[in-house]
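Coordinates as given in target_0.cif (mmCIF, C-alpha atoms and all ligand atoms; chains and numbers go by the auth columns):
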```cif
data_input
loop_
_atom_site.group_PDB
_atom_site.id
_atom_site.type_symbol
_atom_site.label_atom_id
_atom_site.label_comp_id
_atom_site.label_asym_id
_atom_site.label_seq_id
_atom_site.Cartn_x
_atom_site.Cartn_y
_atom_site.Cartn_z
_atom_site.B_iso_or_equiv
_atom_site.auth_seq_id
_atom_site.auth_asym_id
ATOM 1 C CA MET A 1 0.000 0.000 0.000 0.00 1 A
ATOM 2 C CA HIS A 2 1.265 3.453 -0.873 0.00 2 A
ATOM 3 C CA PHE A 3 1.005 5.911 2.029 0.00 3 A
ATOM 4 C CA THR A 4 0.463 9.586 1.417 0.00 4 A
ATOM 5 C CA LYS A 5 -0.102 10.608 5.044 0.00 5 A
ATOM 6 C CA ALA A 6 0.873 9.602 8.540 0.00 6 A
ATOM 7 C CA ILE A 7 -0.233 10.836 11.938 0.00 7 A
ATOM 8 C CA VAL A 8 2.515 11.270 14.512 0.00 8 A
ATOM 9 C CA ARG A 9 2.684 12.852 17.934 0.00 9 A
ATOM 10 C CA CYS A 10 5.831 14.324 19.407 0.00 10 A
ATOM 11 C CA PRO A 11 6.766 12.601 22.699 0.00 11 A
ATOM 12 C CA ALA A 12 5.950 14.642 25.806 0.00 12 A
ATOM 13 C CA ALA A 13 8.525 15.562 28.436 0.00 13 A
ATOM 14 C CA SER A 14 6.634 13.112 30.665 0.00 14 A
ATOM 15 C CA CYS A 15 7.463 10.158 28.365 0.00 15 A
ATOM 16 C CA GLY A 16 9.741 8.574 30.958 0.00 16 A
ATOM 17 C CA ALA A 17 6.676 7.983 33.142 0.00 17 A
ATOM 18 C CA GLY A 18 4.974 5.692 30.609 0.00 18 A
ATOM 19 C CA LEU A 19 4.343 1.964 30.939 0.00 19 A
ATOM 20 C CA THR A 20 7.280 -0.320 30.314 0.00 20 A
ATOM 21 C CA THR A 21 8.616 -3.761 31.085 0.00 21 A
ATOM 22 C CA ALA A 22 12.077 -2.917 29.745 0.00 22 A
ATOM 23 C CA GLN A 23 14.633 -2.579 32.466 0.00 23 A
ATOM 24 C CA SER A 24 17.075 -0.452 30.563 0.00 24 A
ATOM 25 C CA GLY A 25 16.757 2.813 32.412 0.00 25 A
ATOM 26 C CA ALA A 26 14.895 6.053 31.855 0.00 26 A
ATOM 27 C CA PRO A 27 14.770 7.522 28.350 0.00 27 A
ATOM 28 C CA ASP A 28 16.839 10.618 27.712 0.00 28 A
ATOM 29 C CA TYR A 29 14.357 13.259 26.546 0.00 29 A
ATOM 30 C CA ALA A 30 16.705 15.180 24.259 0.00 30 A
ATOM 31 C CA ARG A 31 17.750 11.948 22.558 0.00 31 A
ATOM 32 C CA THR A 32 14.096 10.871 22.347 0.00 32 A
ATOM 33 C CA LEU A 33 13.278 14.047 20.429 0.00 33 A
ATOM 34 C CA THR A 34 16.264 13.625 18.114 0.00 34 A
ATOM 35 C CA GLN A 35 15.239 10.042 17.322 0.00 35 A
ATOM 36 C CA PHE A 36 11.652 11.117 16.768 0.00 36 A
ATOM 37 C CA GLN A 37 12.733 13.851 14.344 0.00 37 A
ATOM 38 C CA ALA A 38 14.873 11.370 12.398 0.00 38 A
ATOM 39 C CA TYR A 39 11.840 9.075 12.192 0.00 39 A
ATOM 40 C CA CYS A 40 9.714 11.962 10.852 0.00 40 A
ATOM 41 C CA ASP A 41 12.446 12.883 8.352 0.00 41 A
ATOM 42 C CA ALA A 42 12.511 9.314 7.045 0.00 42 A
ATOM 43 C CA PHE A 43 8.772 9.490 6.356 0.00 43 A
ATOM 44 C CA ARG A 44 9.090 12.837 4.599 0.00 44 A
ATOM 45 C CA SER A 45 11.935 11.530 2.449 0.00 45 A
ATOM 46 C CA LEU A 46 9.613 8.731 1.335 0.00 46 A
ATOM 47 C CA GLY A 47 6.935 11.149 0.194 0.00 47 A
ATOM 48 C CA VAL A 48 4.658 10.930 3.233 0.00 48 A
ATOM 49 C CA GLU A 49 2.993 14.090 4.510 0.00 49 A
ATOM 50 C CA LEU A 50 2.985 14.158 8.308 0.00 50 A
ATOM 51 C CA ILE A 51 0.027 15.259 10.392 0.00 51 A
ATOM 52 C CA GLU A 52 1.721 16.264 13.626 0.00 52 A
ATOM 53 C CA LEU A 53 -0.433 16.193 16.754 0.00 53 A
ATOM 54 C CA PRO A 54 0.417 18.250 19.827 0.00 54 A
ATOM 55 C CA THR A 55 2.209 16.575 22.737 0.00 55 A
ATOM 56 C CA LEU A 56 0.027 15.107 25.469 0.00 56 A
ATOM 57 C CA ASP A 57 1.712 15.694 28.802 0.00 57 A
ATOM 58 C CA ALA A 58 -1.030 13.887 30.708 0.00 58 A
ATOM 59 C CA PHE A 59 -0.440 10.710 28.658 0.00 59 A
ATOM 60 C CA PRO A 60 3.240 9.709 28.708 0.00 60 A
ATOM 61 C CA ASP A 61 2.638 6.948 26.121 0.00 61 A
ATOM 62 C CA GLY A 62 0.558 9.218 23.877 0.00 62 A
ATOM 63 C CA HIS A 63 3.184 9.314 21.102 0.00 63 A
ATOM 64 C CA PHE A 64 2.586 5.597 20.444 0.00 64 A
ATOM 65 C CA VAL A 65 -0.361 6.568 18.256 0.00 65 A
ATOM 66 C CA GLU A 66 -0.585 3.182 16.567 0.00 66 A
ATOM 67 C CA ASP A 67 -2.272 1.663 19.608 0.00 67 A
ATOM 68 C CA VAL A 68 -5.368 3.860 19.622 0.00 68 A
ATOM 69 C CA ALA A 69 -6.566 3.397 16.040 0.00 69 A
ATOM 70 C CA VAL A 70 -6.418 1.016 13.077 0.00 70 A
ATOM 71 C CA VAL A 71 -6.634 2.834 9.761 0.00 71 A
ATOM 72 C CA THR A 72 -7.600 1.109 6.513 0.00 72 A
ATOM 73 C CA ALA A 73 -8.330 2.428 3.038 0.00 73 A
ATOM 74 C CA GLU A 74 -12.016 2.803 3.919 0.00 74 A
ATOM 75 C CA PHE A 75 -12.338 3.529 7.665 0.00 75 A
ATOM 76 C CA ALA A 76 -10.544 3.918 10.977 0.00 76 A
ATOM 77 C CA VAL A 77 -11.352 1.813 14.018 0.00 77 A
ATOM 78 C CA ILE A 78 -10.889 3.690 17.281 0.00 78 A
ATOM 79 C CA THR A 79 -9.667 1.048 19.705 0.00 79 A
ATOM 80 C CA ARG A 80 -10.203 0.430 23.426 0.00 80 A
ATOM 81 C CA PRO A 81 -6.577 0.296 24.608 0.00 81 A
ATOM 82 C CA GLY A 82 -5.806 -2.593 26.927 0.00 82 A
ATOM 83 C CA ALA A 83 -3.989 -0.499 29.506 0.00 83 A
ATOM 84 C CA PRO A 84 -6.527 1.608 31.453 0.00 84 A
ATOM 85 C CA ALA A 85 -3.902 4.369 31.797 0.00 85 A
ATOM 86 C CA ARG A 86 -3.920 4.782 28.012 0.00 86 A
ATOM 87 C CA ARG A 87 -7.657 4.797 27.360 0.00 87 A
ATOM 88 C CA GLY A 88 -7.927 8.589 27.523 0.00 88 A
ATOM 89 C CA GLU A 89 -5.623 8.872 24.494 0.00 89 A
ATOM 90 C CA ILE A 90 -8.472 7.981 22.142 0.00 90 A
ATOM 91 C CA ASP A 91 -10.144 11.356 22.600 0.00 91 A
ATOM 92 C CA SER A 92 -7.279 13.154 20.937 0.00 92 A
ATOM 93 C CA ILE A 93 -6.981 10.813 17.957 0.00 93 A
ATOM 94 C CA ALA A 94 -10.612 10.711 16.864 0.00 94 A
ATOM 95 C CA THR A 95 -10.831 14.350 15.753 0.00 95 A
ATOM 96 C CA PRO A 96 -7.751 14.404 13.480 0.00 96 A
ATOM 97 C CA LEU A 97 -8.664 11.019 11.988 0.00 97 A
ATOM 98 C CA ALA A 98 -12.265 12.049 11.327 0.00 98 A
ATOM 99 C CA ALA A 99 -10.958 14.497 8.723 0.00 99 A
ATOM 100 C CA HIS A 100 -9.661 11.536 6.658 0.00 100 A
ATOM 101 C CA ARG A 101 -11.756 8.445 7.414 0.00 101 A
ATOM 102 C CA SER A 102 -15.160 7.477 8.752 0.00 102 A
ATOM 103 C CA LEU A 103 -14.697 6.324 12.338 0.00 103 A
ATOM 104 C CA LEU A 104 -15.726 2.980 13.797 0.00 104 A
ATOM 105 C CA PRO A 105 -15.355 3.215 17.579 0.00 105 A
ATOM 106 C CA MET A 106 -15.036 0.031 19.649 0.00 106 A
ATOM 107 C CA HIS A 107 -17.312 -0.171 22.678 0.00 107 A
ATOM 108 C CA ASP A 108 -16.386 -3.559 24.149 0.00 108 A
ATOM 109 C CA GLY A 109 -13.317 -5.539 25.110 0.00 109 A
ATOM 110 C CA ARG A 110 -9.702 -4.419 24.999 0.00 110 A
ATOM 111 C CA LEU A 111 -7.520 -4.040 21.915 0.00 111 A
ATOM 112 C CA ASP A 112 -4.281 -2.209 21.107 0.00 112 A
ATOM 113 C CA GLY A 113 -3.474 -1.306 17.501 0.00 113 A
ATOM 114 C CA GLY A 114 0.001 -2.768 18.068 0.00 114 A
ATOM 115 C CA ASP A 115 -1.677 -6.178 18.083 0.00 115 A
ATOM 116 C CA VAL A 116 -3.257 -5.702 14.654 0.00 116 A
ATOM 117 C CA MET A 117 -1.379 -6.737 11.524 0.00 117 A
ATOM 118 C CA GLN A 118 -3.174 -6.164 8.248 0.00 118 A
ATOM 119 C CA VAL A 119 -2.493 -8.144 5.088 0.00 119 A
ATOM 120 C CA ASP A 120 -4.824 -6.932 2.345 0.00 120 A
ATOM 121 C CA LYS A 121 -8.372 -7.672 3.578 0.00 121 A
ATOM 122 C CA ARG A 122 -7.289 -9.896 6.470 0.00 122 A
ATOM 123 C CA PHE A 123 -6.361 -8.877 9.999 0.00 123 A
ATOM 124 C CA TYR A 124 -4.158 -11.026 12.222 0.00 124 A
ATOM 125 C CA ILE A 125 -4.719 -9.923 15.813 0.00 125 A
ATOM 126 C CA GLY A 126 -2.567 -10.853 18.787 0.00 126 A
ATOM 127 C CA LEU A 127 -4.363 -12.243 21.797 0.00 127 A
ATOM 128 C CA SER A 128 -2.012 -10.603 24.253 0.00 128 A
ATOM 129 C CA GLY A 129 -1.795 -8.968 27.639 0.00 129 A
ATOM 130 C CA ARG A 130 -3.349 -5.887 26.014 0.00 130 A
ATOM 131 C CA THR A 131 -5.891 -7.413 23.634 0.00 131 A
ATOM 132 C CA ASP A 132 -8.548 -9.882 24.738 0.00 132 A
ATOM 133 C CA ALA A 133 -11.033 -12.146 22.959 0.00 133 A
ATOM 134 C CA ALA A 134 -13.879 -9.684 23.585 0.00 134 A
ATOM 135 C CA GLY A 135 -11.834 -6.920 21.933 0.00 135 A
ATOM 136 C CA ILE A 136 -11.091 -9.091 18.915 0.00 136 A
ATOM 137 C CA ALA A 137 -14.789 -9.998 18.611 0.00 137 A
ATOM 138 C CA ALA A 138 -15.790 -6.323 18.839 0.00 138 A
ATOM 139 C CA PHE A 139 -13.215 -5.394 16.210 0.00 139 A
ATOM 140 C CA GLU A 140 -14.388 -8.180 13.908 0.00 140 A
ATOM 141 C CA ALA A 141 -18.009 -7.065 14.203 0.00 141 A
ATOM 142 C CA LEU A 142 -16.963 -3.599 12.998 0.00 142 A
ATOM 143 C CA VAL A 143 -14.771 -4.670 10.066 0.00 143 A
ATOM 144 C CA ALA A 144 -16.603 -7.760 8.755 0.00 144 A
ATOM 145 C CA PRO A 145 -19.356 -5.710 7.030 0.00 145 A
ATOM 146 C CA HIS A 146 -16.552 -4.075 4.996 0.00 146 A
ATOM 147 C CA GLY A 147 -15.328 -7.440 3.704 0.00 147 A
ATOM 148 C CA TYR A 148 -12.438 -7.925 6.144 0.00 148 A
ATOM 149 C CA THR A 149 -11.668 -11.176 7.948 0.00 149 A
ATOM 150 C CA VAL A 150 -9.971 -11.638 11.309 0.00 150 A
ATOM 151 C CA GLU A 151 -7.735 -14.345 12.760 0.00 151 A
ATOM 152 C CA ALA A 152 -6.667 -14.333 16.411 0.00 152 A
ATOM 153 C CA ILE A 153 -3.044 -15.257 17.112 0.00 153 A
ATOM 154 C CA PRO A 154 -2.387 -16.203 20.757 0.00 154 A
ATOM 155 C CA LEU A 155 0.872 -14.702 21.989 0.00 155 A
ATOM 156 C CA GLU A 156 3.029 -16.280 24.638 0.00 156 A
ATOM 157 C CA ALA A 157 5.612 -13.515 24.770 0.00 157 A
ATOM 158 C CA GLY A 158 6.048 -9.957 23.593 0.00 158 A
ATOM 159 C CA LEU A 159 3.973 -6.876 24.310 0.00 159 A
ATOM 160 C CA HIS A 160 2.091 -6.886 21.017 0.00 160 A
ATOM 161 C CA LEU A 161 1.762 -9.051 17.906 0.00 161 A
ATOM 162 C CA LYS A 162 3.789 -6.537 15.914 0.00 162 A
ATOM 163 C CA SER A 163 6.581 -6.828 18.497 0.00 163 A
ATOM 164 C CA VAL A 164 7.201 -10.293 17.014 0.00 164 A
ATOM 165 C CA LEU A 165 5.693 -10.255 13.523 0.00 165 A
ATOM 166 C CA ASN A 166 5.433 -7.725 10.699 0.00 166 A
ATOM 167 C CA TYR A 167 4.231 -7.879 7.113 0.00 167 A
ATOM 168 C CA LEU A 168 6.724 -6.348 4.692 0.00 168 A
ATOM 169 C CA GLY A 169 4.577 -6.673 1.549 0.00 169 A
ATOM 170 C CA ASP A 170 4.721 -9.159 -1.362 0.00 170 A
ATOM 171 C CA ASP A 171 3.774 -12.082 0.910 0.00 171 A
ATOM 172 C CA VAL A 172 6.876 -11.610 3.087 0.00 172 A
ATOM 173 C CA LEU A 173 6.727 -11.758 6.879 0.00 173 A
ATOM 174 C CA LEU A 174 9.447 -10.837 9.328 0.00 174 A
ATOM 175 C CA VAL A 175 8.824 -13.119 12.270 0.00 175 A
ATOM 176 C CA THR A 176 10.553 -14.384 15.400 0.00 176 A
ATOM 177 C CA GLU A 177 11.401 -18.056 15.802 0.00 177 A
ATOM 178 C CA ALA A 178 8.591 -18.514 18.329 0.00 178 A
ATOM 179 C CA LEU A 179 5.811 -17.603 15.898 0.00 179 A
ATOM 180 C CA ALA A 180 7.329 -18.680 12.586 0.00 180 A
ATOM 181 C CA GLY A 181 5.770 -22.144 12.640 0.00 181 A
ATOM 182 C CA HIS A 182 2.209 -20.970 13.267 0.00 182 A
ATOM 183 C CA ARG A 183 -0.052 -22.536 10.652 0.00 183 A
ATOM 184 C CA ALA A 184 -1.715 -19.159 9.980 0.00 184 A
ATOM 185 C CA PHE A 185 1.488 -18.110 8.210 0.00 185 A
ATOM 186 C CA ASP A 186 2.033 -21.227 6.084 0.00 186 A
ATOM 187 C CA GLY A 187 1.318 -19.405 2.841 0.00 187 A
ATOM 188 C CA PHE A 188 3.876 -16.624 3.454 0.00 188 A
ATOM 189 C CA ARG A 189 7.559 -16.387 2.747 0.00 189 A
ATOM 190 C CA ARG A 190 8.988 -16.024 6.258 0.00 190 A
ATOM 191 C CA ILE A 191 12.188 -14.271 7.238 0.00 191 A
ATOM 192 C CA VAL A 192 12.847 -15.769 10.650 0.00 192 A
ATOM 193 C CA ILE A 193 14.849 -13.805 13.154 0.00 193 A
ATOM 194 C CA ASP A 194 16.522 -14.980 16.349 0.00 194 A
ATOM 195 C CA THR A 195 14.857 -14.300 19.671 0.00 195 A
ATOM 196 C CA ALA A 196 17.902 -12.195 20.581 0.00 196 A
ATOM 197 C CA ASP A 197 17.047 -9.845 17.708 0.00 197 A
ATOM 198 C CA GLU A 198 13.350 -9.630 18.536 0.00 198 A
ATOM 199 C CA TYR A 199 13.263 -5.838 18.769 0.00 199 A
ATOM 200 C CA ALA A 200 14.179 -5.561 15.078 0.00 200 A
ATOM 201 C CA CYS A 201 11.155 -7.663 14.150 0.00 201 A
ATOM 202 C CA ASN A 202 9.395 -4.335 14.455 0.00 202 A
ATOM 203 C CA THR A 203 10.524 -3.216 11.010 0.00 203 A
ATOM 204 C CA LEU A 204 8.157 -0.974 9.115 0.00 204 A
ATOM 205 C CA PRO A 205 7.584 -0.926 5.334 0.00 205 A
ATOM 206 C CA VAL A 206 6.910 2.553 3.928 0.00 206 A
ATOM 207 C CA ASN A 207 6.437 3.138 0.209 0.00 207 A
ATOM 208 C CA GLY A 208 8.867 0.493 -0.977 0.00 208 A
ATOM 209 C CA ALA A 209 11.468 1.124 1.726 0.00 209 A
ATOM 210 C CA LEU A 210 12.031 -0.435 5.149 0.00 210 A
ATOM 211 C CA LEU A 211 12.534 1.443 8.418 0.00 211 A
ATOM 212 C CA THR A 212 14.422 -0.743 10.862 0.00 212 A
ATOM 213 C CA PRO A 213 16.058 -0.151 14.254 0.00 213 A
ATOM 214 C CA ALA A 214 19.831 0.313 14.533 0.00 214 A
ATOM 215 C CA GLY A 215 21.934 -2.298 16.276 0.00 215 A
ATOM 216 C CA TYR A 216 20.713 -5.502 14.625 0.00 216 A
ATOM 217 C CA PRO A 217 23.215 -6.376 11.877 0.00 217 A
ATOM 218 C CA ARG A 218 21.925 -9.953 11.469 0.00 218 A
ATOM 219 C CA VAL A 219 18.443 -8.637 10.704 0.00 219 A
ATOM 220 C CA HIS A 220 19.807 -5.919 8.419 0.00 220 A
ATOM 221 C CA GLU A 221 21.643 -8.577 6.456 0.00 221 A
ATOM 222 C CA LYS A 222 18.513 -10.685 6.076 0.00 222 A
ATOM 223 C CA ILE A 223 16.264 -7.852 4.937 0.00 223 A
ATOM 224 C CA ALA A 224 18.932 -6.593 2.512 0.00 224 A
ATOM 225 C CA ALA A 225 18.064 -9.660 0.424 0.00 225 A
ATOM 226 C CA LEU A 226 14.662 -8.087 -0.295 0.00 226 A
ATOM 227 C CA ASP A 227 16.387 -5.439 -2.363 0.00 227 A
ATOM 228 C CA MET A 228 14.426 -2.572 -0.807 0.00 228 A
ATOM 229 C CA PRO A 229 16.073 0.648 0.426 0.00 229 A
ATOM 230 C CA VAL A 230 16.655 0.313 4.176 0.00 230 A
ATOM 231 C CA HIS A 231 16.582 3.256 6.597 0.00 231 A
ATOM 232 C CA VAL A 232 18.341 2.294 9.820 0.00 232 A
ATOM 233 C CA LEU A 233 17.023 4.432 12.668 0.00 233 A
ATOM 234 C CA ASP A 234 18.278 4.766 16.204 0.00 234 A
ATOM 235 C CA ALA A 235 15.319 3.815 18.394 0.00 235 A
ATOM 236 C CA SER A 236 17.159 3.197 21.664 0.00 236 A
ATOM 237 C CA GLU A 237 14.999 5.577 23.720 0.00 237 A
ATOM 238 C CA PHE A 238 11.728 4.131 22.402 0.00 238 A
ATOM 239 C CA HIS A 239 13.038 0.641 23.144 0.00 239 A
ATOM 240 C CA LYS A 240 13.320 1.705 26.800 0.00 240 A
ATOM 241 C CA MET A 241 9.608 2.603 26.646 0.00 241 A
ATOM 242 C CA ASP A 242 8.676 -0.825 25.149 0.00 242 A
ATOM 243 C CA GLY A 243 7.879 0.915 21.863 0.00 243 A
ATOM 244 C CA GLY A 244 9.132 0.329 18.355 0.00 244 A
ATOM 245 C CA LEU A 245 9.025 1.996 14.969 0.00 245 A
ATOM 246 C CA THR A 246 5.537 0.901 13.929 0.00 246 A
ATOM 247 C CA CYS A 247 3.972 2.296 17.130 0.00 247 A
ATOM 248 C CA LEU A 248 5.069 5.849 16.424 0.00 248 A
ATOM 249 C CA SER A 249 2.742 6.504 13.494 0.00 249 A
ATOM 250 C CA LEU A 250 -0.596 5.781 11.869 0.00 250 A
ATOM 251 C CA ARG A 251 -0.076 5.430 8.146 0.00 251 A
ATOM 252 C CA PHE A 252 -2.670 5.724 5.397 0.00 252 A
HETATM 253 C C1 LIG B . 2.930 0.808 26.395 0.00 301 A
HETATM 254 O O1 LIG B . 3.341 -0.024 27.213 0.00 301 A
HETATM 255 O O2 LIG B . 1.750 0.915 26.089 0.00 301 A
HETATM 256 C C2 LIG B . 3.934 1.743 25.768 0.00 301 A
HETATM 257 N N1 LIG B . 4.958 2.072 26.701 0.00 301 A
HETATM 258 C C3 LIG B . 4.531 1.122 24.534 0.00 301 A
HETATM 259 C C4 LIG B . 3.539 0.925 23.433 0.00 301 A
HETATM 260 C C5 LIG B . 4.173 0.392 22.212 0.00 301 A
HETATM 261 N N2 LIG B . 3.228 0.286 21.152 0.00 301 A
HETATM 262 C C6 LIG B . 3.283 -0.623 20.210 0.00 301 A
HETATM 263 O O3 LIG B . 4.114 -1.519 20.246 0.00 301 A
HETATM 264 N N3 LIG B . 2.354 -0.592 19.268 0.00 301 A
#
```

In structure tokens, what does this structure look like?
Amino acid sequence: MHFTKAIVRCPAASCGAGLTTAQSGAPDYARTLTQFQAYCDAFRSLGVELIELPTLDAFPDGHFVEDVAVVTAEFAVITRPGAPARRGEIDSIATPLAAHRSLLPMHDGRLDGGDVMQVDKRFYIGLSGRTDAAGIAAFEALVAPHGYTVEAIPLEAGLHLKSVLNYLGDDVLLVTEALAGHRAFDGFRRIVIDTADEYACNTLPVNGALLTPAGYPRVHEKIAALDMPVHVLDASEFHKMDGGLTCLSLRF
């Protein structure tokens, strides 16, 4: 899919107070902003116009905009984030999205956009600590009338499905060892990455290029075989917040 726009939100000074399981110390705010700007520059260089939302000091995870909405060619689902502390973020995403898509708000269950991987008209949704069966059912009820199908993928590890699995286009998946053998992915060409490199599984395709985190040479070598331009981005501060490159934008 060719993206013309992406919604991003600059991290707030409070970002170090967000949820995280990573035990790698507090993010450095100046470095966070530098890494965020490099991320935005990569999008612009790939022809994507950015819609930049104001910082949300009251929501330290508010820059992970991917979790509060799922945007398709026809509509945008407004999710019910699994972490109660993040639920208030939806109010500030609905208005900017309404200018571009009709909105389908979820009213039941829990679901984070980071658990939703779209491949054409099919959604693979992680059943995770953030997304439950009721959330997946509520999501399916919203998207099925538009011709989309849904498959739940139980997760044993990882925050979100897209922490361990991403679709790079042309039937190619980047997937960790743990999930590579799942029968749902039999029909795909799978690039399997070691558990030690899991963070780089969160590699994001944008308009024929790949955005991937710095520090994972084994993954860089594997994706080089796809013959797509690769933008290696320092994401160390977002890693400390349990966030990756996909979480920082909503593309459409
Ligand atoms: C959280 O725990 O909700 C944030 N600190 C990280 C969210 C990352 N989002 C994503 O992977 N889609």

- request: For each of A:Val77, A:Thr131, A:Val8, A:Pro60, take the minimum atom-to-atom distance to Pro27 (chain A), counting all atoms listed in the file, then give the residue where this is smallest.
  value: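 For Pro27 (chain A), the nearest of the given residues is A:Pro60.
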
task: Kindly compile the residues surrounding ligand LIG 301 (chain A) within 6 Å, counting all atoms listed in the file, and format them as number ranges by chain.
output: A: 18-20, 61, 64, 66-67, 114, 160, 241-244, 247

message: Which residues would end up in the selection if the PyMOL selection byres (((chain A and resi 88-104) around 9) and not hetatm) were applied here, given that I need the answer as number ranges by chain?
response: A: 7, 51, 53, 56, 59, 61-62, 65, 68-69, 71-81, 84-87, 105-106, 142-143

task: Given the file shown, enumerate the residues that the PyMOL selection byres (((chain A and resi 118) around 10) and not hetatm) captures and present them as a list in words.
output: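 That expression, the PyMOL selection byres (((chain A and resi 118) around 10) and not hetatm), corresponds here to Val70, Val71, Thr72, Asp115, Val116, Met117, Val119, Asp120, Lys121, Arg122, Phe123, Tyr124, Ile125, Tyr148, Thr149, Val150, Asn166 and Tyr167 of chain A.
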
- request: Would you kindly return, as a list of chain:residue names, each protein, DNA or RNA residue with an atom no farther than 12 Å from any atom of Asp197 (chain A), considering all atoms listed in the file and excluding same-chain residues fewer than 4 positions away?
  value: A:Ser163, A:Val164, A:Leu174, A:Val175, A:Thr176, A:Glu177, A:Val192, A:Ile193, A:Cys201, A:Asn202, A:Thr203, A:Thr212, A:Pro213, A:Ala214, A:Gly215, A:Tyr216, A:Pro217, A:Arg218, A:Val219, A:His220, A:Lys222

- line: Min atom-atom distance to Ser14 (chain A) from the set A:Ala58, A:Ala152, A:Ala200, A:Val230, counting all atoms listed in the file, belongs to A:Ala58

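Note that CA of Pro154 (chain A) and CA of Ala133 (chain A) are 9.8 Å apart.
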
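We find CA of Leu33 (chain A) and CA of Phe238 (chain A) to be spaced 10.2 Å apart.
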
- request: For the file shown, report as a list in words the outcome of the PyMOL selection byres (((chain A and resi 12) around 6) and not hetatm) at residue level.
  value: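 For this structure, the PyMOL selection byres (((chain A and resi 12) around 6) and not hetatm) resolves to Pro11, Ala13, Ser14, Cys15, Thr55, Leu56 and Asp57 of chain A.
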
Restrict the selected residues to C-alpha atoms and save them as a PDB file, in the coordinates of the input.
```pdb
ATOM      1  CA  PRO A  11       6.766  12.601  22.699  1.00  0.00           C
ATOM      2  CA  ALA A  13       8.525  15.562  28.436  1.00  0.00           C
ATOM      3  CA  SER A  14       6.634  13.112  30.665  1.00  0.00           C
ATOM      4  CA  CYS A  15       7.463  10.158  28.365  1.00  0.00           C
ATOM      5  CA  THR A  55       2.209  16.575  22.737  1.00  0.00           C
ATOM      6  CA  LEU A  56       0.027  15.107  25.469  1.00  0.00           C
ATOM      7  CA  ASP A  57       1.712  15.694  28.802  1.00  0.00           C
TER       8      ASP A  57
END
```

field: A:Val48, A:Cys40, A:Leu161, A:Ala144 ranked by distance to Leu111 (chain A), top pick (using only C-alpha atoms)
entry: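 Among the listed residues, the smallest separation from Leu111 (chain A) belongs to A:Leu161.
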
Using only the atoms of region 63-78 of chain A listed in the file, plus 6 Å on each side, state the axis-aligned box centre and edge lengths in Å rounded to one decimal, as lines of an AutoDock Vina configuration file.
```
center_x = -4.6
center_y = 5.2
center_z = 12.1
size_x = 27.5
size_y = 20.3
size_z = 30.1
```

- request: Excluding Gly129 (chain A) and any residue of its chain fewer than 3 positions from it, enumerate the residues within 8 Å of it, using all atoms listed in the file, and give them as a ChimeraX atom specification.
  value: /A:82,132,159-160

- prompt: Could you state the separation of CA of Ala30 (chain A) and CA of Leu46 (chain A) in Å, given to one decimal place?
  reply: 24.8 Å

field: Among listed residues A:Asp227, A:Glu237, A:Glu156, A:Glu221, nearest Ala209 (chain A) (using all atoms listed in the file)
entry: A:Asp227

task: Return the single residue from A:Phe139, A:Phe252, A:Phe185, A:Tyr39 that is closest to Leu210 (chain A), with distances computed using only C-alpha atoms.
output: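 Of A:Phe139, A:Phe252, A:Phe185, A:Tyr39, the one nearest Leu210 (chain A), counting only C-alpha atoms, is A:Tyr39.
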
- prompt: From the set A:Cys10, A:Pro229, A:His107, A:Ala224, which residue has the shortest atom-to-atom contact distance to Ala38 (chain A), counting all atoms listed in the file?
  reply: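 Checking each candidate against Ala38 (chain A), we get A:Cys10 as the closest.
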